[in-house]
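Student: Would you mind keeping the following structure in view while I ask a few things?
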Amino acid sequence: MTALLELRDVHARYGPVNALHGVSLTVDEGEIVAVLGANGAGKTTTLRAISHTVHRDGEIRFAGNALRGGPEAVARLGVAHVPEGRGTFSELTVWENLRLGAYTRRGNLKDDFARVGSYFPWLEDRRHQQAGTLSGGEQQMLALARAFMQRPRLLMLDEPSLGLAPLLVTEVFRIVQELNENEGVTVLVVEQNAHIALQLAQTAYVLEVGRVALSGPSADLQQHESVRRSYLGY
Amino acid sequence: MRRNAPALVAVAVAALFFALLPFGLSDYHRGLAASVAVYLIAILGLNVLTGYTGQISIGHGAFMAIGGYTTAIMSHYHNTNLILTLPLAFVITFGCGVLVGLPALRLSGVYLALATFALAVSIPQLPLKFSKFTGGSAGISASKSVSNSWLYGVSWSTAAIAFLFTWLVLRGRTGRAFRAIRDSEVAATSSGVTLAIYKTLAFGVSAALAGVAGSLFVLATNGFAQPNEFSVTLSLKILVGAAVAGLGSLWGVLLGAAFIALLPTLSASAPLIGSAHGQDVVFGLFVIVVMILLPTGVAGLIPRLRRLRVKA
Amino acid sequence: MVELARKLPLPQRRFPASPVLLLLAAACIFLTVESLRSTIFAQLTVAGVATGVVYGSLALALVLIYRATEVINFAQGEMAMAMVYVAYQLTLWGLAYWEAFFLTLAIAFVFGVVTQRVFIRPVQGRSVIAVVIVTVGLFILIDGLVEWKWSANQRFMQAPFGNKIYHLGNVPIARQDLGTIVITLISVSALWAFFRFTKLGLGMRAGALRPAAARLVGVRTNALLAVGWGLAAVLGAVAGLMTEPAEYVLQPTLMQPVLLYAFAAAVLGGLESPGGALVGGIALGIFLNLLPSHSWGFVTSALELPVAFAALLVVLLIKPTGLFGHRTVRKV
């Protein structure tokens with residue numbers, strides 16, 4: 001397998017405050033990778049460093065090339081970042097949100113709408129509804145659908161389980177897995193809910209205060225003493 | 001006290017400088033120097049409101065108009081001593097400022113800016129409507145005109161008093177309340193600052209200073225109060241001066257005042273652009289360039305230079 | 001039952017507060033009834049609509065920029081005025097009026113884009129005051145440049161519509177008023193369609209609503225801000241070119257009163273709302289046209305501005321964010 005995304009010794013800061021102190025991680029093509037950690041460990045900042053919405057240093061390579069430019073350039077290379085709070089345009093309609101997902105692409109979107117419809121059949125009925133009036137779970141689905149419209153090579157999800165009922169969390173992760181298996185989308189997911197994240201991902205990284213504390217195949221981490229105690233709670 | 005020593009020395013030197021300056025100037029330049037003092041007072045007023053309390057006003061020309069008409073009318077109809085009209089203008093415009101401050105309690109940001117802008121547009125129209133009393137578009141004149149030397153002395157003395165007054169207001173409890181409102185209204189309220197009192201007070205003080213400036217402004221234009229003189233442009237000029245000076249700084253005000261008072265005259269005598277329209281071009285360009293290059297105004301330069309020196 | 005409720009088409013966007021709508025409906029009914037009763041009233045109303053749409057379109061230009069950057073462009077009127085001079089120059093060089101008109105719109109777009117890039121972008125993201133001051137500087141600069149090139153003397157341009165008068169029943173309607181209304185409404189609708197149906201328009205709306213999220217989906221927000229300034233300049237140019245025939249003369253102060261009324265119209269509509277700006281403009285136009293003859297002689301031309309702004313102040317005090325604005329939650 002080849003590495004789709006590689007971070008080597010990445011630092012990031014908010015103004016004068018350092019949030020990442022040299023993070024290195026690798027995401028292979030077709031893989032699902034989870035980033036775990038407590039609040040403030042730098043999980044979100046790692047994603048932000050990749051999409052360059054935070055001041056960063058260090059080497060980031062995507063598909064073999066150094067990742068340059070602002071967030072819009074990163075998006076154009078095929079990285080779909082669903083940020084904290086899902087990045088939904090709540091004043092726009094569901095349909096317009098989907099069109100925005102495909103903003104970087106040219107040509108006819110009919111096929112894409114049909115494909116999105118196969119994963120999220122309810123979207124079709126709600127296409128003219130204002131996105132802000134959707135429920136939390138629906139908004140998370142919409143965010144996934146929007147990211148999918150981008151036809152990304154890498155899908156980055158920031159806390160997709162946040163604020164959702166357990167049943168919906170399972171549903172969201174099921175769809176992420178389907179996208180990964182059926183569409184070949186590589187996924188980098190940041191999660192507080194280590195339990196479900198480790199079930200989904202093949203590889204996982206544990207961040208502590210801006211550094212990678214542990215990494216390895218999910219199955220190994222699940223057995224790991226400190227991970228079990230700190231993040232899985234048994 | 002020792003901490004203030006350099007500031008005191010600076011004040012003393014400045015006082016001496018401005019006291020001796022008129023002897024080295026021609027009559028025309030004395031008038032010009034007096035107009036710097038007039039703008040200084042107005043900018044000082046705007047700075048209290050916008051720089052220290054965080055409330056935008058694009059309407060200070062209106063308060064100047066009120067102050068100016070106070071002087072002209074009192075002198076015209078009652079032959080009041082001109083110097084006595086200054087405190088009168090202060091009191092009247094203070095009241096007007098408080099009145100404007102009341103509705104401003106409900107408005108914020110851009111809406112406040114536009115409401116005060118409305119004021120700047122509307123007030124100069126009123127003398128046109130009530131022309132019997134105010135002389136209409138021809139204006140109304142004070143009963144006597146003053147010499148440039150007189151004007152220089154009075155306006156710089158007033159400026160010094162205004163400066164001292166502002167410093168006293170801003171350094172204590174009131175100043176802290178103003179700054180707290182600027183930084184966060186919610187935080188200010190929760191730490192015991194009554195918004196209604198301090199906001200209207202800031203409007204009052206600010207307007208009062210502008211009013212006094214307006215009085216002197218009228219005296220500087222041969223004692224004539226004319227609606228045209230108080231157009232929107234005047235309000236914009238004062239705002240520009242305050243921004244150039246660096247909002248929230250007292251020392252920059254002098255430079256801001258000099259900027260708006262002298263630049264048009266200076267650029268008119270410059271070669272190549274020596275036409276009346278060239279002035280506007282230079283003035284406009286200058287304003288833009290200053291804002292682009294000096295984000296905190298000219299006043300921001302001083303700490304920056306100091307920092308450079310420390311580094312070197 | 002729950003399922004059914006979920007399927008009901010929900011309103012696409014929040015409707016403005018219903019008292020405002022009721023008030024507008026009442027005003028429309030009043031105007032129609034009065035117009036049917038009195039020919040002069042009808043005539044004044046139509047002329048009011050014509051001036052009103054012009055205020056509205058300049059107000060729309062202000063709103064366009066305000067929505068994208070939360071900044072009021074004080075130079076909007078002067079930019080429009082400069083474009084009218086450009087059109088004037090083009091007609092002097094022998095272009096027919098409408099050729100000059102459309103060429104000017106293209107020039108206006110470029111002018112807006114360049115202005116944003118050169119003057120606004122360096123201060124973008126600084127305090128609102130900094131940007132406002134730069135636009136004030138632009139105001140003075142453009143004024144100076146125009147007077148330098150063309151002098152402050154009055155100029156005369158070709159009239160685009162002629163002075164033909166149509167009759168609708170007893171009511172005479174000037175071809176010029178009609179032309180102004182039609183041209184302005186066409187340009188406003190074109191703009192609306194651009195925002196509603198094109199990808200670029202969608203990107204601009206997204207960028208105005210949530211710049212950070214828009215960049216994440218690949219919208220080049222910075223470039224689009226310049227496009228926004230370009231479109232605002234085009235709209236302003238239309239307003240300017242429609243103001244000129246109503247004023248009969250061209251001079252550097254052409255757009256200053258219009259800008260003031262456009263401010264009022266934009267604030268009346270709520271600054272955030274393009275529809276509100278247009279409605280605000282038309283309301284203001286009618287109000288100002290009817291005022292002198294319906295205020296028992298109190299409101300003369302000197303009082304028009306103060307009265308307009310007093311009305312604005314009253315609206316703001318009742319609804320501090322304008323007729324169609326809604327309160328945003330402020331972060332502490």
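By convention here, the chains of the structure tokens are called A, B, ... in the order presented, each chain's residues are numbered starting at 1, and ligands are numbered starting at 1 in the order presented.
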Would you list which chain A residues are within 7 Å of chain C using only C-alpha atoms, as a PDB file with C-alpha atoms, in the first residue's frame?
Tutor:
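Here's the written file result_9.pdb:
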```pdb
ATOM      1  CA  PRO A  71      -7.684  25.572   2.411  1.00  0.00           C
ATOM      2  CA  GLU A  72      -9.323  26.137  -0.963  1.00  0.00           C
ATOM      3  CA  ALA A  73      -6.262  24.752  -2.733  1.00  0.00           C
ATOM      4  CA  ALA A  75      -9.872  21.099  -1.173  1.00  0.00           C
ATOM      5  CA  ARG A  76      -9.158  21.267  -4.882  1.00  0.00           C
ATOM      6  CA  ALA A  80     -12.768  16.895   1.964  1.00  0.00           C
ATOM      7  CA  HIS A  81     -12.652  18.285   5.487  1.00  0.00           C
ATOM      8  CA  GLY A  87     -19.490  23.270   8.291  1.00  0.00           C
ATOM      9  CA  PHE A  89     -24.403  26.393   5.538  1.00  0.00           C
ATOM     10  CA  LEU A 100     -21.300  23.544  -2.726  1.00  0.00           C
ATOM     11  CA  GLY A 101     -19.785  20.159  -1.970  1.00  0.00           C
ATOM     12  CA  TYR A 103     -17.902  23.288  -6.018  1.00  0.00           C
ATOM     13  CA  THR A 104     -14.411  22.242  -7.070  1.00  0.00           C
ATOM     14  CA  HIS A 128     -35.480  22.596  -0.760  1.00  0.00           C
ATOM     15  CA  GLN A 129     -35.431  22.669   3.012  1.00  0.00           C
ATOM     16  CA  GLN A 130     -33.156  25.118   4.778  1.00  0.00           C
TER      17      GLN A 130
END
```
Student: Please, which residues of range 75-321 of chain C, numbered as in this document, come out alpha helix (DSSP H) from DSSP, as a VMD selection string?
Tutor: chain C and resid 76 to 92 97 to 115 128 to 150 175 to 197 199 to 209 211 to 216 221 to 247 256 to 269 274 to 290 301 to 318
Student: Can you work out which residues from chain B touch chain C at a cut-off of 9 Å (counting only C-alpha atoms) and hand them back as an NGL selection string?
Tutor: :B and (56 or 103-104 or 106-111 or 114-115 or 117-119 or 121-123 or 125-129 or 184-187 or 236-237 or 239-240 or 243 or 275-289 or 291-293 or 295-296)
Student: Please provide as JSON, numbers by chain all residues within 6 Å of range 41-56 of chain C, with the sequence filter that same-chain residues fewer than 2 positions apart are discarded (counting only C-alpha atoms).
Tutor: {"C": [35, 38, 39, 58, 59, 60, 177, 181, 239, 262, 277, 278, 281, 282, 285, 286, 289]}
Student: For the residues selected in the previous step, produce a file with N, CA and C atoms as a short mmCIF file (atom, residue, chain, number, x, y, z; two decimals), in the first residue's frame.
Tutor:
```
data_model
loop_
_atom_site.label_atom_id
_atom_site.label_comp_id
_atom_site.auth_asym_id
_atom_site.auth_seq_id
_atom_site.Cartn_x
_atom_site.Cartn_y
_atom_site.Cartn_z
N SER C 35 -54.10 56.65 -5.40
CA SER C 35 -53.75 56.88 -6.79
C SER C 35 -54.98 56.83 -7.68
N SER C 38 -56.80 60.21 -7.09
CA SER C 38 -56.21 61.47 -7.55
C SER C 38 -55.12 61.23 -8.58
N THR C 39 -55.23 61.92 -9.70
CA THR C 39 -54.25 61.75 -10.77
C THR C 39 -52.88 62.22 -10.33
N LEU C 58 -28.65 51.30 -5.60
CA LEU C 58 -27.39 51.68 -4.94
C LEU C 58 -27.33 51.07 -3.53
N ALA C 59 -28.50 51.03 -2.88
CA ALA C 59 -28.56 50.40 -1.56
C ALA C 59 -28.17 48.93 -1.67
N LEU C 60 -28.63 48.30 -2.74
CA LEU C 60 -28.31 46.89 -2.97
C LEU C 60 -26.81 46.71 -3.13
N ASP C 177 -39.27 57.84 -16.51
CA ASP C 177 -39.52 57.11 -15.26
C ASP C 177 -39.68 55.62 -15.55
N ILE C 181 -37.30 52.55 -14.28
CA ILE C 181 -37.81 51.41 -13.50
C ILE C 181 -37.45 50.10 -14.20
N ALA C 239 -27.21 52.64 -11.27
CA ALA C 239 -27.89 53.68 -10.49
C ALA C 239 -27.44 55.06 -10.94
N ALA C 262 -29.55 56.06 -0.28
CA ALA C 262 -29.28 54.63 -0.39
C ALA C 262 -28.88 54.06 0.96
N ALA C 277 -33.40 46.09 0.96
CA ALA C 277 -32.79 47.31 0.44
C ALA C 277 -33.64 47.89 -0.68
N LEU C 278 -34.12 47.00 -1.56
CA LEU C 278 -34.92 47.46 -2.69
C LEU C 278 -36.26 48.02 -2.21
N GLY C 281 -35.67 51.27 -0.55
CA GLY C 281 -35.43 52.33 -1.53
C GLY C 281 -36.72 52.84 -2.14
N ILE C 282 -37.58 51.91 -2.55
CA ILE C 282 -38.83 52.31 -3.19
C ILE C 282 -39.71 53.06 -2.19
N GLY C 285 -38.36 56.48 -1.81
CA GLY C 285 -38.61 57.28 -3.00
C GLY C 285 -40.03 57.82 -3.02
N ILE C 286 -40.98 56.95 -2.75
CA ILE C 286 -42.39 57.37 -2.75
C ILE C 286 -42.64 58.39 -1.64
N ASN C 289 -41.30 61.73 -2.43
CA ASN C 289 -42.01 62.40 -3.51
C ASN C 289 -43.35 62.93 -3.06
#
```
Student: Would you pick out the contacts of Gln226 in chain B at 7 Å or less, using only C-alpha atoms, so that residues sharing its chain but fewer than 6 positions from it are not included, and give the list as a list in words?
Tutor: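 Here the answer would be Ser137, Ala138, Gly139 and Ile140 of chain B.
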Student: Can you write just those residues out, all heavy atoms, as an mmCIF file, in the first residue's frame?
Tutor:
```cif
data_model
loop_
_atom_site.group_PDB
_atom_site.id
_atom_site.type_symbol
_atom_site.label_atom_id
_atom_site.label_comp_id
_atom_site.auth_asym_id
_atom_site.auth_seq_id
_atom_site.Cartn_x
_atom_site.Cartn_y
_atom_site.Cartn_z
ATOM 1 N N SER B 137 -28.909 79.995 4.027
ATOM 2 C CA SER B 137 -27.659 79.507 3.443
ATOM 3 C C SER B 137 -26.578 80.577 3.469
ATOM 4 O O SER B 137 -25.400 80.279 3.371
ATOM 5 C CB SER B 137 -27.896 79.044 2.009
ATOM 6 O OG SER B 137 -28.317 80.137 1.231
ATOM 7 N N ALA B 138 -26.974 81.849 3.621
ATOM 8 C CA ALA B 138 -25.971 82.903 3.684
ATOM 9 C C ALA B 138 -25.244 82.871 5.019
ATOM 10 O O ALA B 138 -24.131 83.376 5.149
ATOM 11 C CB ALA B 138 -26.624 84.260 3.492
ATOM 12 N N GLY B 139 -25.874 82.290 6.023
ATOM 13 C CA GLY B 139 -25.233 82.166 7.318
ATOM 14 C C GLY B 139 -25.512 83.339 8.217
ATOM 15 O O GLY B 139 -26.244 84.269 7.861
ATOM 16 N N ILE B 140 -24.934 83.290 9.379
ATOM 17 C CA ILE B 140 -25.121 84.333 10.374
ATOM 18 C C ILE B 140 -23.747 84.668 10.935
ATOM 19 O O ILE B 140 -22.920 83.802 11.111
ATOM 20 C CB ILE B 140 -26.090 83.845 11.469
ATOM 21 C CG1 ILE B 140 -26.344 84.943 12.502
ATOM 22 C CG2 ILE B 140 -25.578 82.593 12.158
ATOM 23 C CD1 ILE B 140 -27.451 84.565 13.464
#
```
Student: Report as a PyMOL selection string: the residues of range 3-193 of chain A with a DSSP assignment of strand (DSSP E), based on the backbone of this structure.
Tutor: chain A and resi 3-14+17-28+32-37+55-62+65-66+79-82+154-158+186-191
Student: Which residue is closest to Val110 in chain C? Choose from C:Ala233, C:Leu224, C:Ile165, C:Leu31 and count only C-alpha atoms.
Tutor: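 Ranked by minimum distance to Val110 in chain C, first place goes to C:Ala233.
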Student: Give the answer as one residue: which of A:Gln139, A:Ser215, A:Thr26, A:Ser161 has the shortest atom-to-atom distance to Gly64 in chain A, using only C-alpha atoms?
Tutor: A:Thr26
Student: When you look at Asn222 in chain B with a cut-off of 9 Å (counting only C-alpha atoms), what residues show up, excluding the ones that are within fewer than 2 positions of it in the same chain? I need them as a ChimeraX atom specification.
Tutor: /B:141-142,144-147,218-220,224-225
Student: Take the residues from that selection and write them out as a PDB file, in the first residue's frame, keeping all heavy atoms.
Tutor:
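Written out: result.pdb:
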```pdb
ATOM      1  N   SER B 141     -23.526  85.957  11.191  1.00  0.00           N
ATOM      2  CA  SER B 141     -22.180  86.309  11.627  1.00  0.00           C
ATOM      3  C   SER B 141     -22.178  86.790  13.061  1.00  0.00           C
ATOM      4  O   SER B 141     -23.151  87.366  13.555  1.00  0.00           O
ATOM      5  CB  SER B 141     -21.599  87.390  10.723  1.00  0.00           C
ATOM      6  OG  SER B 141     -22.231  88.611  11.011  1.00  0.00           O
ATOM      7  N   ALA B 142     -21.070  86.547  13.740  1.00  0.00           N
ATOM      8  CA  ALA B 142     -20.877  87.071  15.085  1.00  0.00           C
ATOM      9  C   ALA B 142     -20.766  88.584  14.998  1.00  0.00           C
ATOM     10  O   ALA B 142     -20.461  89.145  13.941  1.00  0.00           O
ATOM     11  CB  ALA B 142     -19.617  86.482  15.701  1.00  0.00           C
ATOM     12  N   LYS B 144     -18.671  90.684  16.115  1.00  0.00           N
ATOM     13  CA  LYS B 144     -17.377  91.245  15.725  1.00  0.00           C
ATOM     14  C   LYS B 144     -16.447  90.118  15.275  1.00  0.00           C
ATOM     15  O   LYS B 144     -16.611  88.960  15.648  1.00  0.00           O
ATOM     16  CB  LYS B 144     -16.762  92.035  16.885  1.00  0.00           C
ATOM     17  CG  LYS B 144     -16.659  91.263  18.194  1.00  0.00           C
ATOM     18  CD  LYS B 144     -15.909  92.109  19.215  1.00  0.00           C
ATOM     19  CE  LYS B 144     -15.843  91.452  20.583  1.00  0.00           C
ATOM     20  NZ  LYS B 144     -17.004  91.710  21.422  1.00  0.00           N
ATOM     21  N   SER B 145     -15.476  90.494  14.459  1.00  0.00           N
ATOM     22  CA  SER B 145     -14.526  89.479  14.011  1.00  0.00           C
ATOM     23  C   SER B 145     -13.243  89.627  14.819  1.00  0.00           C
ATOM     24  O   SER B 145     -13.012  90.650  15.470  1.00  0.00           O
ATOM     25  CB  SER B 145     -14.234  89.628  12.521  1.00  0.00           C
ATOM     26  OG  SER B 145     -13.645  90.876  12.287  1.00  0.00           O
ATOM     27  N   VAL B 146     -12.438  88.601  14.775  1.00  0.00           N
ATOM     28  CA  VAL B 146     -11.247  88.580  15.628  1.00  0.00           C
ATOM     29  C   VAL B 146      -9.990  88.472  14.784  1.00  0.00           C
ATOM     30  O   VAL B 146     -10.033  88.015  13.648  1.00  0.00           O
ATOM     31  CB  VAL B 146     -11.312  87.398  16.613  1.00  0.00           C
ATOM     32  CG1 VAL B 146     -12.455  87.575  17.577  1.00  0.00           C
ATOM     33  CG2 VAL B 146     -11.421  86.088  15.855  1.00  0.00           C
ATOM     34  N   SER B 147      -8.881  88.900  15.361  1.00  0.00           N
ATOM     35  CA  SER B 147      -7.610  88.813  14.635  1.00  0.00           C
ATOM     36  C   SER B 147      -7.064  87.390  14.743  1.00  0.00           C
ATOM     37  O   SER B 147      -7.456  86.625  15.623  1.00  0.00           O
ATOM     38  CB  SER B 147      -6.600  89.788  15.225  1.00  0.00           C
ATOM     39  OG  SER B 147      -6.127  89.269  16.453  1.00  0.00           O
ATOM     40  N   VAL B 218     -16.091  78.578  13.833  1.00  0.00           N
ATOM     41  CA  VAL B 218     -16.857  79.716  13.313  1.00  0.00           C
ATOM     42  C   VAL B 218     -16.039  81.003  13.424  1.00  0.00           C
ATOM     43  O   VAL B 218     -15.953  81.802  12.482  1.00  0.00           O
ATOM     44  CB  VAL B 218     -18.198  79.839  14.054  1.00  0.00           C
ATOM     45  CG1 VAL B 218     -18.776  81.232  13.908  1.00  0.00           C
ATOM     46  CG2 VAL B 218     -19.176  78.798  13.537  1.00  0.00           C
ATOM     47  N   LEU B 219     -15.386  81.173  14.588  1.00  0.00           N
ATOM     48  CA  LEU B 219     -14.568  82.371  14.764  1.00  0.00           C
ATOM     49  C   LEU B 219     -13.429  82.390  13.747  1.00  0.00           C
ATOM     50  O   LEU B 219     -13.029  83.447  13.258  1.00  0.00           O
ATOM     51  CB  LEU B 219     -14.016  82.433  16.181  1.00  0.00           C
ATOM     52  CG  LEU B 219     -15.080  82.600  17.272  1.00  0.00           C
ATOM     53  CD1 LEU B 219     -14.443  82.590  18.639  1.00  0.00           C
ATOM     54  CD2 LEU B 219     -15.857  83.892  17.043  1.00  0.00           C
ATOM     55  N   ALA B 220     -12.924  81.212  13.420  1.00  0.00           N
ATOM     56  CA  ALA B 220     -11.810  81.127  12.474  1.00  0.00           C
ATOM     57  C   ALA B 220     -12.250  81.417  11.045  1.00  0.00           C
ATOM     58  O   ALA B 220     -11.429  81.763  10.199  1.00  0.00           O
ATOM     59  CB  ALA B 220     -11.151  79.760  12.558  1.00  0.00           C
ATOM     60  N   PHE B 224     -18.349  83.719  10.766  1.00  0.00           N
ATOM     61  CA  PHE B 224     -19.543  83.346  10.022  1.00  0.00           C
ATOM     62  C   PHE B 224     -19.929  81.894  10.272  1.00  0.00           C
ATOM     63  O   PHE B 224     -19.090  81.005  10.139  1.00  0.00           O
ATOM     64  CB  PHE B 224     -19.298  83.528   8.522  1.00  0.00           C
ATOM     65  CG  PHE B 224     -20.087  84.656   7.957  1.00  0.00           C
ATOM     66  CD1 PHE B 224     -19.512  85.913   7.811  1.00  0.00           C
ATOM     67  CD2 PHE B 224     -21.408  84.466   7.572  1.00  0.00           C
ATOM     68  CE1 PHE B 224     -20.242  86.958   7.291  1.00  0.00           C
ATOM     69  CE2 PHE B 224     -22.140  85.511   7.050  1.00  0.00           C
ATOM     70  CZ  PHE B 224     -21.560  86.764   6.910  1.00  0.00           C
ATOM     71  N   ALA B 225     -21.183  81.660  10.648  1.00  0.00           N
ATOM     72  CA  ALA B 225     -21.678  80.288  10.728  1.00  0.00           C
ATOM     73  C   ALA B 225     -22.522  80.037   9.491  1.00  0.00           C
ATOM     74  O   ALA B 225     -23.526  80.709   9.274  1.00  0.00           O
ATOM     75  CB  ALA B 225     -22.496  80.090  11.984  1.00  0.00           C
TER      76      ALA B 225
END
```
Student: Expressed in Å to a single decimal, how great is the separation between CA of Ile60 in chain A and CA of Arg174 in chain A?
Tutor: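 Interatomic distance here is 29.2 Å.
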Student: From the options A:Pro160, A:Pro16, A:Gly136, A:Gly210, which residue's atoms come nearest to Glu191 in chain A, counting only C-alpha atoms?
Tutor: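 Of the candidates, the smallest distance to Glu191 in chain A is held by A:Pro160.
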Student: Choose the residue, out of A:Val206, A:Met156, A:Ala63, A:Val79, that has the smallest atom-to-atom separation from Ser226 in chain A; count only C-alpha atoms.
Tutor: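 Under the stated criterion, the closest residue is A:Val206.
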Student: Neighbouring residues of Gly30 in chain A were defined as those with any atom within 9 Å, considering only C-alpha atoms; residues of the same chain fewer than 6 positions away were excluded. Please report them as a list in words.
Tutor: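 Everything that qualifies: Met1, Leu4, Arg153, Leu154, Asn180, Glu181, Gly184, Val185, Thr186 and Val187 of chain A.
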Student: Keeping all heavy atoms for every residue in the selection just given, could you write it to a file as a tab-separated table (two decimals), in the first residue's frame?
Tutor:
```tsv
chain	number	residue	atom	x	y	z
A	1	MET	N	0.85	-1.21	0.00
A	1	MET	CA	0.00	0.00	0.00
A	1	MET	C	0.88	1.25	0.00
A	1	MET	O	1.92	1.28	0.65
A	1	MET	CB	-0.90	-0.01	1.24
A	1	MET	CG	-2.20	-0.72	0.97
A	1	MET	SD	-3.46	-0.26	2.13
A	1	MET	CE	-3.03	-1.23	3.55
A	4	LEU	N	-1.07	7.82	1.14
A	4	LEU	CA	-1.78	8.92	0.48
A	4	LEU	C	-1.42	10.23	1.17
A	4	LEU	O	-1.19	11.25	0.53
A	4	LEU	CB	-3.28	8.68	0.57
A	4	LEU	CG	-4.17	9.76	-0.04
A	4	LEU	CD1	-3.95	9.85	-1.54
A	4	LEU	CD2	-5.63	9.48	0.27
A	153	ARG	N	-10.42	12.18	-2.43
A	153	ARG	CA	-9.54	11.04	-2.25
A	153	ARG	C	-9.36	10.79	-0.76
A	153	ARG	O	-9.15	9.66	-0.34
A	153	ARG	CB	-8.18	11.33	-2.89
A	153	ARG	CG	-8.27	11.42	-4.40
A	153	ARG	CD	-6.91	11.65	-5.00
A	153	ARG	NE	-6.07	10.45	-4.87
A	153	ARG	CZ	-4.82	10.40	-5.32
A	153	ARG	NH1	-4.29	11.45	-5.91
A	153	ARG	NH2	-4.11	9.31	-5.17
A	154	LEU	N	-9.40	11.89	-0.01
A	154	LEU	CA	-9.26	11.77	1.43
A	154	LEU	C	-10.41	12.50	2.11
A	154	LEU	O	-10.67	13.66	1.81
A	154	LEU	CB	-7.93	12.38	1.89
A	154	LEU	CG	-7.71	12.44	3.40
A	154	LEU	CD1	-7.56	11.03	3.98
A	154	LEU	CD2	-6.49	13.27	3.73
A	180	ASN	N	-16.11	4.02	2.39
A	180	ASN	CA	-14.74	3.53	2.31
A	180	ASN	C	-14.67	2.25	1.49
A	180	ASN	O	-13.83	2.11	0.61
A	180	ASN	CB	-14.22	3.31	3.73
A	180	ASN	CG	-12.86	2.64	3.73
A	180	ASN	OD1	-12.74	1.46	4.02
A	180	ASN	ND2	-11.83	3.41	3.40
A	181	GLU	N	-15.60	1.34	1.74
A	181	GLU	CA	-15.53	0.03	1.06
A	181	GLU	C	-15.99	0.12	-0.38
A	181	GLU	O	-15.34	-0.38	-1.29
A	181	GLU	CB	-16.36	-0.99	1.83
A	181	GLU	CG	-15.63	-1.52	3.05
A	181	GLU	CD	-16.55	-2.29	3.99
A	181	GLU	OE1	-17.72	-2.53	3.61
A	181	GLU	OE2	-16.10	-2.61	5.11
A	184	GLY	N	-14.07	3.49	-2.21
A	184	GLY	CA	-12.61	3.58	-2.11
A	184	GLY	C	-12.11	4.88	-1.53
A	184	GLY	O	-11.00	5.31	-1.83
A	185	VAL	N	-12.94	5.54	-0.71
A	185	VAL	CA	-12.52	6.81	-0.11
A	185	VAL	C	-11.65	6.52	1.11
A	185	VAL	O	-12.03	5.74	1.98
A	185	VAL	CB	-13.74	7.64	0.33
A	185	VAL	CG1	-13.28	8.94	0.98
A	185	VAL	CG2	-14.64	7.92	-0.85
A	186	THR	N	-10.48	7.15	1.15
A	186	THR	CA	-9.63	7.04	2.33
A	186	THR	C	-10.17	7.97	3.41
A	186	THR	O	-10.62	9.08	3.10
A	186	THR	CB	-8.20	7.46	1.96
A	186	THR	OG1	-7.81	6.72	0.80
A	186	THR	CG2	-7.24	7.18	3.08
A	187	VAL	N	-10.16	7.52	4.66
A	187	VAL	CA	-10.78	8.31	5.71
A	187	VAL	C	-9.80	8.57	6.85
A	187	VAL	O	-9.09	7.66	7.29
A	187	VAL	CB	-12.03	7.59	6.28
A	187	VAL	CG1	-12.67	8.42	7.38
A	187	VAL	CG2	-13.04	7.30	5.17
```
Student: Give me the residues within 8 Å of Val212 in chain A as a ChimeraX atom specification, counting only C-alpha atoms and dropping any in the same chain fewer than 6 places off.
Tutor: /A:23-24,205-206
